[in-house]
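Novice: Structure file protein.tsv (TSV, C-alpha atoms and all ligand atoms) is given on the next line.
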chain	number	residue	atom	x	y	z
A	219	MET	CA	-9.48	-16.77	-4.19
A	220	SER	CA	-6.94	-16.20	-6.94
A	221	LYS	CA	-4.12	-18.72	-7.45
A	222	LYS	CA	-0.91	-17.97	-5.54
A	223	PHE	CA	2.59	-18.41	-6.89
A	224	VAL	CA	5.98	-18.93	-5.26
A	225	GLU	CA	8.50	-17.66	-7.76
A	226	ASP	CA	12.00	-16.28	-8.21
A	227	PHE	CA	12.08	-12.77	-9.70
A	228	LYS	CA	15.15	-10.90	-10.94
A	229	VAL	CA	15.76	-7.35	-9.75
A	230	ALA	CA	15.59	-5.13	-12.84
A	231	GLU	CA	16.07	-1.78	-11.05
A	232	ASN	CA	16.43	-0.36	-7.57
A	233	ILE	CA	15.96	3.41	-7.51
A	234	ALA	CA	16.23	5.61	-4.40
A	235	LEU	CA	13.15	7.88	-4.43
A	236	ASN	CA	14.39	9.76	-1.37
A	237	SER	CA	16.47	8.88	1.70
A	238	SER	CA	14.03	6.23	2.98
A	239	ASN	CA	11.91	5.07	0.02
A	240	PHE	CA	13.12	2.81	-2.80
A	241	LEU	CA	11.40	1.72	-6.00
A	242	ILE	CA	12.25	-1.91	-6.67
A	243	LYS	CA	11.30	-3.26	-10.09
A	244	LEU	CA	11.24	-7.06	-10.36
A	245	VAL	CA	10.97	-9.11	-13.52
A	246	SER	CA	9.31	-12.51	-13.69
A	247	PRO	CA	10.49	-15.24	-16.06
A	248	LYS	CA	6.80	-16.14	-16.53
A	249	LYS	CA	3.68	-14.30	-17.62
A	250	LEU	CA	2.27	-12.40	-14.65
A	251	PRO	CA	-1.24	-13.32	-13.45
A	252	ASP	CA	-3.95	-10.67	-13.18
A	253	ILE	CA	-3.10	-8.44	-10.19
A	254	LYS	CA	-5.38	-5.83	-8.63
A	255	PRO	CA	-4.68	-2.73	-6.48
A	256	GLY	CA	-4.50	-3.61	-2.78
A	257	GLN	CA	-2.93	-7.02	-3.36
A	258	PHE	CA	0.54	-7.64	-2.00
A	259	VAL	CA	3.60	-9.86	-2.19
A	260	ASN	CA	5.44	-11.62	0.63
A	261	ILE	CA	9.12	-11.28	-0.21
A	262	GLU	CA	12.06	-13.23	1.20
A	263	VAL	CA	14.91	-11.29	2.80
A	264	LYS	CA	18.08	-12.95	1.49
A	265	ASN	CA	21.59	-13.01	2.87
A	266	SER	CA	20.53	-12.44	6.45
A	267	ASP	CA	21.39	-14.83	9.32
A	268	GLU	CA	18.75	-13.31	11.57
A	269	ILE	CA	15.70	-12.67	9.35
A	270	PHE	CA	13.75	-15.81	8.55
A	271	LEU	CA	10.30	-14.42	7.86
A	272	ARG	CA	9.24	-12.88	4.59
A	273	ARG	CA	8.05	-9.26	4.58
A	274	PRO	CA	4.75	-8.05	3.00
A	275	PHE	CA	4.70	-5.18	0.49
A	276	SER	CA	1.85	-3.77	-1.60
A	277	ILE	CA	2.14	-4.05	-5.33
A	278	PHE	CA	2.74	-0.58	-6.77
A	279	GLU	CA	2.92	-1.10	-10.54
A	280	ILE	CA	2.51	-3.92	-13.02
A	281	ASP	CA	3.68	-4.07	-16.62
A	282	TYR	CA	2.13	-7.14	-18.22
A	283	GLN	CA	4.10	-6.60	-21.46
A	284	LYS	CA	7.47	-6.63	-19.71
A	285	ASN	CA	6.33	-8.98	-16.89
A	286	THR	CA	7.53	-6.52	-14.26
A	287	LEU	CA	6.12	-5.88	-10.84
A	288	SER	CA	7.25	-2.88	-8.76
A	289	LEU	CA	7.24	-2.18	-5.05
A	290	ILE	CA	7.91	0.99	-3.05
A	291	ILE	CA	9.88	-0.06	0.01
A	292	LYS	CA	10.21	2.34	2.92
A	293	ILE	CA	12.98	1.55	5.38
A	294	LEU	CA	11.43	0.69	8.75
A	295	GLY	CA	13.65	-1.98	10.31
A	296	ARG	CA	16.21	-4.64	9.42
A	297	GLY	CA	14.23	-6.48	6.73
A	298	SER	CA	13.12	-3.48	4.71
A	299	LYS	CA	16.65	-2.03	4.95
A	300	LYS	CA	18.12	-5.25	3.58
A	301	LEU	CA	15.61	-5.26	0.71
A	302	THR	CA	16.57	-1.73	-0.29
A	303	GLU	CA	20.15	-2.99	-0.77
A	304	LEU	CA	19.09	-5.34	-3.60
A	305	LYS	CA	20.99	-4.78	-6.84
A	306	ALA	CA	20.00	-5.21	-10.49
A	307	GLY	CA	20.52	-8.87	-11.40
A	308	ASP	CA	19.89	-10.22	-7.86
A	309	THR	CA	17.23	-12.89	-7.45
A	310	VAL	CA	14.46	-12.75	-4.82
A	311	ASN	CA	11.64	-15.14	-4.08
A	312	LEU	CA	8.04	-13.88	-3.90
A	313	VAL	CA	4.77	-15.42	-2.78
A	314	TYR	CA	2.10	-13.52	-4.71
A	315	PRO	CA	-0.49	-12.16	-5.43
A	316	LEU	CA	-1.81	-12.17	-1.85
A	317	GLY	CA	-4.91	-10.67	-0.27
A	318	LYS	CA	-8.08	-9.07	-1.55
A	319	SER	CA	-8.08	-5.92	-3.64
A	320	PHE	CA	-9.91	-2.62	-3.33
A	321	THR	CA	-13.38	-2.36	-4.86
A	322	ILE	CA	-12.78	-0.92	-8.33
A	323	PRO	CA	-14.91	2.26	-8.68
A	324	GLN	CA	-17.91	2.46	-11.01
A	325	SER	CA	-17.93	4.87	-13.94
A	326	ASP	CA	-20.10	7.43	-12.09
A	327	ASP	CA	-17.97	7.46	-8.93
A	328	ARG	CA	-15.95	10.41	-7.67
A	329	ILE	CA	-13.15	9.11	-5.47
A	330	LEU	CA	-10.69	10.35	-2.87
A	331	LEU	CA	-7.51	8.30	-2.37
A	332	ILE	CA	-5.57	9.06	0.81
A	333	GLY	CA	-2.06	7.68	1.29
A	334	GLY	CA	0.55	8.22	3.95
A	335	GLY	CA	3.96	6.67	4.57
A	336	SER	CA	4.16	3.17	3.12
A	337	GLY	CA	0.50	3.41	2.05
A	338	VAL	CA	1.27	5.53	-1.00
A	339	ALA	CA	1.98	2.58	-3.33
A	340	PRO	CA	-1.50	0.95	-3.36
A	341	MET	CA	-3.21	4.37	-3.64
A	342	LEU	CA	-1.25	5.28	-6.78
A	343	PHE	CA	-1.88	1.80	-8.25
A	344	LEU	CA	-5.61	2.24	-7.60
A	345	ALA	CA	-5.59	5.72	-9.17
A	346	LYS	CA	-4.09	4.23	-12.34
A	347	GLU	CA	-6.50	1.29	-12.44
A	348	SER	CA	-9.65	3.21	-11.45
A	349	GLY	CA	-10.69	3.75	-15.07
A	350	LEU	CA	-12.12	7.17	-14.12
A	351	ASN	CA	-11.48	10.53	-15.75
A	352	ARG	CA	-8.80	12.36	-13.78
A	353	GLU	CA	-11.23	15.10	-12.72
A	354	ASN	CA	-13.14	12.49	-10.71
A	355	VAL	CA	-10.05	11.30	-8.85
A	356	ASP	CA	-8.37	13.20	-6.02
A	357	ILE	CA	-5.14	11.80	-4.60
A	358	LEU	CA	-4.16	13.18	-1.19
A	359	LEU	CA	-0.71	12.23	0.09
A	360	GLY	CA	0.55	13.05	3.56
A	361	ALA	CA	4.07	13.01	5.02
A	362	ARG	CA	6.06	14.61	7.81
A	363	SER	CA	8.03	16.90	5.57
A	364	ARG	CA	8.89	17.64	1.90
A	365	GLU	CA	11.81	15.14	1.87
A	366	ASP	CA	9.50	12.31	2.97
A	367	HIS	CA	7.23	12.65	-0.08
A	368	VAL	CA	7.98	10.50	-3.12
A	369	ASP	CA	7.68	12.12	-6.53
A	370	ALA	CA	4.15	11.20	-7.66
A	371	SER	CA	3.94	13.76	-10.48
A	372	GLU	CA	3.55	11.06	-13.14
A	373	TYR	CA	0.24	10.17	-11.50
A	374	SER	CA	-1.27	13.58	-12.20
A	375	LYS	CA	-2.58	12.03	-15.44
A	376	TYR	CA	-4.80	9.75	-13.33
A	377	GLY	CA	-6.00	12.28	-10.73
A	378	ASN	CA	-5.49	15.64	-9.06
A	379	LEU	CA	-2.58	15.46	-6.65
A	380	HIS	CA	-2.74	17.14	-3.23
A	381	PHE	CA	-0.15	17.08	-0.46
A	382	THR	CA	0.16	17.75	3.24
A	383	THR	CA	3.24	17.97	5.44
A	384	GLU	CA	3.26	18.20	9.19
A	385	ASP	CA	5.88	20.96	9.09
A	386	GLY	CA	4.24	22.87	6.20
A	387	SER	CA	7.30	22.49	3.94
A	388	PHE	CA	5.19	21.16	1.01
A	389	GLY	CA	1.45	21.31	0.26
A	390	GLU	CA	-0.94	22.25	3.03
A	391	LYS	CA	0.32	22.17	6.61
A	392	GLY	CA	-1.10	19.53	8.95
A	393	PHE	CA	-2.45	15.99	8.66
A	394	VAL	CA	-4.45	14.70	5.70
A	395	ILE	CA	-7.73	15.23	7.57
A	396	HIS	CA	-6.91	18.96	7.77
A	397	HIS	CA	-6.49	19.31	3.99
A	398	SER	CA	-9.09	21.35	2.10
A	399	VAL	CA	-10.07	18.41	-0.16
A	400	PHE	CA	-10.74	16.27	2.90
A	401	GLN	CA	-13.02	19.01	4.23
A	402	GLN	CA	-15.12	18.34	1.07
A	403	ILE	CA	-15.39	14.60	1.83
A	404	ASN	CA	-19.12	14.73	1.15
A	405	SER	CA	-18.44	15.40	-2.53
A	406	TYR	CA	-16.95	11.89	-2.98
A	407	SER	CA	-18.87	8.66	-3.45
A	408	LYS	CA	-15.92	6.48	-2.40
A	409	VAL	CA	-12.92	7.09	-0.14
A	410	TYR	CA	-9.92	4.75	-0.01
A	411	THR	CA	-6.99	4.94	2.36
A	412	CYS	CA	-3.74	3.20	3.27
A	413	GLY	CA	-1.04	4.31	5.68
A	414	PRO	CA	-0.37	4.74	9.38
A	415	ASP	CA	-3.06	3.31	11.63
A	416	ALA	CA	-3.88	6.68	13.25
A	417	MET	CA	-4.32	8.30	9.83
A	418	MET	CA	-6.65	5.56	8.57
A	419	ARG	CA	-8.69	5.62	11.77
A	420	ALA	CA	-9.14	9.41	11.53
A	421	VAL	CA	-10.21	9.13	7.86
A	422	ALA	CA	-12.52	6.20	8.67
A	423	LYS	CA	-14.17	8.06	11.54
A	424	THR	CA	-15.17	11.00	9.32
A	425	ALA	CA	-16.27	8.71	6.48
A	426	LYS	CA	-18.39	6.70	8.94
A	427	ASP	CA	-19.94	9.83	10.48
A	428	GLU	CA	-20.76	11.12	6.98
A	429	ASP	CA	-21.93	7.66	5.80
A	430	ILE	CA	-19.51	7.54	2.86
A	431	PHE	CA	-18.24	4.27	1.37
A	432	CYS	CA	-14.71	3.84	2.67
A	433	GLU	CA	-12.14	1.06	2.32
A	434	VAL	CA	-8.90	0.87	4.28
A	435	SER	CA	-5.89	-1.33	3.61
A	436	LEU	CA	-4.53	-2.61	6.93
A	437	GLU	CA	-0.81	-3.14	7.49
A	438	ASN	CA	-0.99	-5.52	10.47
A	439	LEU	CA	2.19	-7.43	11.28
A	440	MET	CA	2.36	-10.57	9.14
A	441	ALA	CA	4.43	-13.71	8.88
A	442	CYS	CA	3.13	-16.48	6.58
A	443	GLY	CA	0.90	-14.23	4.43
A	444	PHE	CA	-1.60	-17.00	3.63
A	445	GLY	CA	-3.75	-17.59	6.71
A	446	VAL	CA	-1.77	-20.18	8.68
A	447	CYS	CA	0.16	-18.44	11.50
A	448	LEU	CA	-2.74	-16.19	12.69
A	449	CYS	CA	-0.37	-13.37	13.64
A	450	CYS	CA	-2.23	-10.80	11.52
A	451	ILE	CA	-5.65	-11.17	13.20
A	452	GLU	CA	-8.00	-8.15	13.20
A	453	PRO	CA	-11.18	-8.13	15.32
A	454	THR	CA	-14.10	-7.42	12.95
A	455	GLN	CA	-17.90	-7.49	13.00
A	456	LYS	CA	-17.60	-11.05	11.62
A	457	GLY	CA	-15.17	-12.14	14.36
A	458	ASN	CA	-11.39	-12.33	14.26
A	459	LEU	CA	-10.18	-12.36	10.65
A	460	CYS	CA	-6.74	-12.85	9.09
A	461	VAL	CA	-5.76	-9.60	7.38
A	462	CYS	CA	-3.55	-11.51	4.93
A	463	THR	CA	-6.41	-13.58	3.47
A	464	GLU	CA	-9.63	-11.70	4.36
A	465	GLY	CA	-7.95	-8.32	3.81
A	466	PRO	CA	-5.77	-6.35	3.71
A	467	VAL	CA	-8.62	-4.25	2.29
A	468	PHE	CA	-11.69	-3.90	4.50
A	469	ASN	CA	-14.79	-1.77	4.27
A	470	ILE	CA	-14.81	0.33	7.46
A	471	LYS	CA	-18.27	-1.06	8.29
A	472	GLU	CA	-16.62	-4.48	8.77
A	473	LEU	CA	-14.13	-3.19	11.34
A	474	LYS	CA	-14.61	-2.53	15.04
A	475	TRP	CA	-13.14	0.95	14.72
A	501	LIG	C1	-0.40	-5.81	3.41
A	501	LIG	C2	0.80	-4.96	3.70
A	501	LIG	C3	1.28	-4.12	2.72
A	501	LIG	C4	2.42	-3.34	2.97
A	501	LIG	N1	2.87	-2.52	1.96
A	501	LIG	C5	3.98	-1.79	2.16
A	501	LIG	C6	4.50	-1.01	1.10
A	501	LIG	O1	3.97	-0.94	-0.02
A	501	LIG	N2	5.65	-0.32	1.34
A	501	LIG	C7	6.28	-0.36	2.57
A	501	LIG	O2	7.32	0.27	2.72
A	501	LIG	N3	5.80	-1.09	3.58
A	501	LIG	C8	4.67	-1.82	3.42
A	501	LIG	N4	4.19	-2.58	4.45
A	501	LIG	C9	4.91	-2.57	5.73
A	501	LIG	C10	6.10	-3.52	5.65
A	501	LIG	O3	5.67	-4.84	5.53
A	501	LIG	C11	6.93	-3.37	6.93
A	501	LIG	O4	7.50	-2.08	6.95
A	501	LIG	C12	8.05	-4.38	6.95
A	501	LIG	O5	7.55	-5.69	7.02
A	501	LIG	C13	8.93	-4.12	8.18
A	501	LIG	O6	9.93	-5.10	8.20
A	501	LIG	P1	11.35	-4.75	8.81
A	501	LIG	O7	12.11	-6.02	8.91
A	501	LIG	O8	11.97	-3.63	8.09
A	501	LIG	O9	10.99	-4.23	10.24
A	501	LIG	P2	11.16	-5.03	11.61
A	501	LIG	O10	12.61	-5.03	11.97
A	501	LIG	O11	10.44	-6.33	11.53
A	501	LIG	O12	10.37	-4.07	12.58
A	501	LIG	C14	10.84	-2.76	12.89
A	501	LIG	C15	9.77	-2.10	13.76
A	501	LIG	O13	8.61	-1.81	12.97
A	501	LIG	C16	7.46	-2.47	13.49
A	501	LIG	N5	6.70	-2.96	12.34
A	501	LIG	C17	7.03	-3.97	11.51
A	501	LIG	N6	6.07	-4.14	10.55
A	501	LIG	C18	5.14	-3.21	10.80
A	501	LIG	C19	3.89	-2.89	10.21
A	501	LIG	N7	3.38	-3.56	9.18
A	501	LIG	N8	3.17	-1.88	10.75
A	501	LIG	C20	3.62	-1.20	11.81
A	501	LIG	N9	4.78	-1.46	12.43
A	501	LIG	C21	5.52	-2.45	11.95
A	501	LIG	C22	8.00	-3.59	14.35
A	501	LIG	O14	7.08	-3.94	15.38
A	501	LIG	C23	9.27	-2.99	14.91
A	501	LIG	O15	8.99	-2.16	16.00
A	501	LIG	C24	3.06	-3.38	4.24
A	501	LIG	C25	2.55	-4.22	5.24
A	501	LIG	C26	1.44	-5.00	4.97
A	501	LIG	C27	0.90	-5.90	6.04
A	502	LIG	S1	0.21	-13.63	8.19
A	502	LIG	FE1	-0.02	-15.67	8.83
A	502	LIG	S2	-2.16	-15.81	9.06
A	502	LIG	FE2	-1.90	-13.83	8.25
Can you give me the file's structure in the form of structure tokens?

Specialist:
Amino acid sequence: MSKKFVEDFKVAENIALNSSNFLIKLVSPKKLPDIKPGQFVNIEVKNSDEIFLRRPFSIFEIDYQKNTLSLIIKILGRGSKKLTELKAGDTVNLVYPLGKSFTIPQSDDRILLIGGGSGVAPMLFLAKESGLNRENVDILLGARSREDHVDASEYSKYGNLHFTTEDGSFGEKGFVIHHSVFQQINSYSKVYTCGPDAMMRAVAKTAKDEDIFCEVSLENLMACGFGVCLCCIEPTQKGNLCVCTEGPVFNIKELKW
């Protein structure tokens, strides 16, 4: 298990990506440790009389030269809303890097990355870190409607981007499992997914039926983030496991899905 840090970061930037998603760039006063896609931070929510627990967010981008770490925060409830109000120069405390990362693909892999909602951040980080030629990487992002998609165009240098919307306003209409690239799931050696539970379960079911390697990043409710409170338990083939320490990334064969 990699060493964990509890550290104050300064907010370098807070950029609204759309009405509900914000890119928060944080700068560390120290050299960042090695961080892999799928790992997350547990961030304090400051200036709130009613929120005592930290909130977990996947790491989206790392710049080891500038010692910056970025998150994409989607407003869900009170804590995430408060975090999106952070301003450049504010200080926030992080516990990081937490959890286990995705399996980094091998050079002969062809991979499909499927992200929805708050699961987009780790998928884009994995695309960047995969080390594969872009023609062997397909990135499929799903959202309700055009406005809910974040601009991922910069990531087209790491993979082919594909989109779905439920209302058909952008990309192919429907859920990610209806998209034409998903219909070709057999052409991939590894499938990775993060997002709403129903989306991941649907992806996992097809991958399991087709016997394709598939990892999912679970977003179970968390509190401590390091295996003490047991509130993030997931029943698995190896018994009940803490998602914060044994995950959040699991091979679908380990889960009781
Ligand atoms: C490992 C991990 C990585 C994550 N990465 C990201 C990320 O990159 N970007 C992002 O925007 N979000 C991410 N999330 C989800 C994020 O942690 C929650 O949205 C956030 O903690 C909600 O806090 P809140 O105070 O805004 O909501 P609350 O006020 O605590 O809750 C509002 C409502 O949302 C429900 N809820 C809270 N957390 C979750 C959850 N995890 N799943 C489903 N329902 C929930 C609550 O039950 C409640 O009904 C991640 C979660 C985990 C566990
Ligand atoms: S969040 Fe406390 S044990 Fe996982």

Novice: Of the candidates A:Thr302, A:Asn469, A:Asn354, A:Ser220, which shows the shortest atom-to-atom distance to Asp252 of chain A, using all atoms listed in the file?

Specialist: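 Going through A:Thr302, A:Asn469, A:Asn354, A:Ser220 one by one, the smallest distance to Asp252 of chain A is for A:Ser220.
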
Novice: Atom CA of Gly337 of chain A and atom CA of Ser374 of chain A, how far apart in Å?

Specialist: 17.6 Å

Novice: Which residues, written as a PyMOL selection string, have at least one atom at most 6 Å from Val461 of chain A, with all atoms listed in the file counted and residues fewer than 4 positions away on the same chain left out?

Specialist: chain A and resi 450+465-466

Novice: With C-alpha atoms retained, could you export that selection as an mmCIF file, in the coordinates of the input?

Specialist:
data_model
loop_
_atom_site.group_PDB
_atom_site.id
_atom_site.type_symbol
_atom_site.label_atom_id
_atom_site.label_comp_id
_atom_site.auth_asym_id
_atom_site.auth_seq_id
_atom_site.Cartn_x
_atom_site.Cartn_y
_atom_site.Cartn_z
ATOM 1 C CA CYS A 450 -2.230 -10.800 11.520
ATOM 2 C CA GLY A 465 -7.950 -8.320 3.810
ATOM 3 C CA PRO A 466 -5.770 -6.350 3.710
#

Novice: Could you produce a table of the residues of chain A lying within 9 Å of ligand LIG 502 (chain A), with the nearest pair of atoms per residue and their separation in Å rounded to one decimal, using all atoms listed in the file, ordered by chain and increasing residue number, as a Markdown table?

Specialist:
| residue | atom | partner | partner_atom | distance |
| --- | --- | --- | --- | --- |
| A:Pro274 | CA | A:LIG502 | S1 | 8.9 |
| A:Asn438 | CA | A:LIG502 | S1 | 8.5 |
| A:Leu439 | CA | A:LIG502 | S1 | 7.2 |
| A:Met440 | CA | A:LIG502 | S1 | 3.9 |
| A:Ala441 | CA | A:LIG502 | S1 | 4.3 |
| A:Cys442 | CA | A:LIG502 | FE1 | 4.0 |
| A:Gly443 | CA | A:LIG502 | S1 | 3.9 |
| A:Phe444 | CA | A:LIG502 | S2 | 5.6 |
| A:Gly445 | CA | A:LIG502 | S2 | 3.3 |
| A:Val446 | CA | A:LIG502 | S2 | 4.4 |
| A:Cys447 | CA | A:LIG502 | FE1 | 3.9 |
| A:Leu448 | CA | A:LIG502 | S2 | 3.7 |
| A:Cys449 | CA | A:LIG502 | FE1 | 5.3 |
| A:Cys450 | CA | A:LIG502 | FE2 | 4.5 |
| A:Ile451 | CA | A:LIG502 | FE2 | 6.8 |
| A:Leu459 | CA | A:LIG502 | FE2 | 8.7 |
| A:Cys460 | CA | A:LIG502 | FE2 | 5.0 |
| A:Val461 | CA | A:LIG502 | FE2 | 5.8 |
| A:Cys462 | CA | A:LIG502 | FE2 | 4.4 |
| A:Thr463 | CA | A:LIG502 | FE2 | 6.6 |
| A:Glu464 | CA | A:LIG502 | FE2 | 8.9 |

Novice: Kindly provide, as lines of an AutoDock Vina configuration file, the centre and edge lengths (Å, one decimal) of an axis-aligned box around all atoms of ligand LIG 501 (chain A) given in the file, with 3 Å on each side.

Specialist:
center_x = 6.1
center_y = -3.0
center_z = 8.0
size_x = 19.0
size_y = 12.6
size_z = 22.0

Novice: Of the candidates A:Leu330, A:Leu287, A:Leu473, A:Ile277, which shows the shortest atom-to-atom distance to Glu353 of chain A, using all atoms listed in the file?

Specialist: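 The closest residue to Glu353 of chain A is A:Leu330.
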
Novice: Go through A:Ala370, A:Ile261, A:Leu379, A:Val421 one by one, measure the shortest atom-to-atom distance of each to Thr309 of chain A using only C-alpha atoms, and give the residue with the smallest value.

Specialist: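 Selected residue with least distance to Thr309 of chain A: A:Ile261.
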
Novice: Would you pick out the contacts of segment 390-399 of chain A at 10 Å or less, using only C-alpha atoms, so that residues sharing its chain but fewer than 3 positions from it are not included, and give the list as a count of residues only?

Specialist: 30

Novice: Do you know which residues are within 6 Å of ligand LIG 501 (chain A) using all atoms listed in the file? Can you write them as JSON, numbers by chain?

Specialist: {"A": [258, 273, 274, 275, 276, 290, 291, 292, 293, 294, 295, 296, 297, 298, 299, 336, 337, 339, 437, 438, 439, 440, 466]}

Novice: Write out as a list of chain:residue names the residues lying within 7 Å of Asp226 of chain A, counting only C-alpha atoms and excluding same-chain residues fewer than 5 positions away.

Specialist: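 Neighbouring residues, sequence-local ones excluded: A:Thr309, A:Val310, A:Asn311, A:Leu312.
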
Novice: Near Ala234 of chain A, within 12 Å and counting only C-alpha atoms, which residues show up once chain neighbours fewer than 3 positions away are dropped, as a PyMOL selection string?

Specialist: chain A and resi 231+237-243+289-293+302-305+368-369

Novice: One number please: atom CA of Lys284 of chain A to atom CA of Ile233 of chain A, in Å, one decimal.

Specialist: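 Separating atom CA of Lys284 of chain A from atom CA of Ile233 of chain A is a distance of 17.9 Å.
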
Novice: Report, in Å to a single decimal, how far apart atom CA of Asn260 of chain A and atom CA of Tyr314 of chain A are.

Specialist: 6.6 Å

Novice: Go through A:Ser407, A:Gln257, A:Ser288, A:Thr454 and flag the residue nearest Phe320 of chain A, using all atoms listed in the file for the distances.

Specialist: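 Closest residue, counting all atoms listed in the file: A:Gln257.
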
Novice: Env of Asp327 of chain A: 9 Å cut, atoms = all atoms listed in the file, seq-sep filter 2 positions within chain, self excluded. Answer as JSON, numbers by chain.

Specialist: {"A": [323, 324, 325, 329, 350, 354, 355, 406, 407, 408]}

Novice: If we draw a sphere of 10 Å around (5.0, -8.6, -12.6), which residues have at least one atom in it when counting all atoms listed in the file? Please report them as a ChimeraX atom specification.

Specialist: /A:227,243-253,277,279-288,314-315

Novice: Which one of A:Asn351, A:Asn236, A:Ser435, A:Ser319 sits closest to Tyr410 of chain A if you count only C-alpha atoms?

Specialist: A:Ser435

Novice: Find, counting only C-alpha atoms, the residue in A:Val259, A:Met341, A:Val434, A:Ala306 that gets nearest to Phe468 of chain A.

Specialist: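 Residue with the minimum atom-to-atom distance to Phe468 of chain A: A:Val434.
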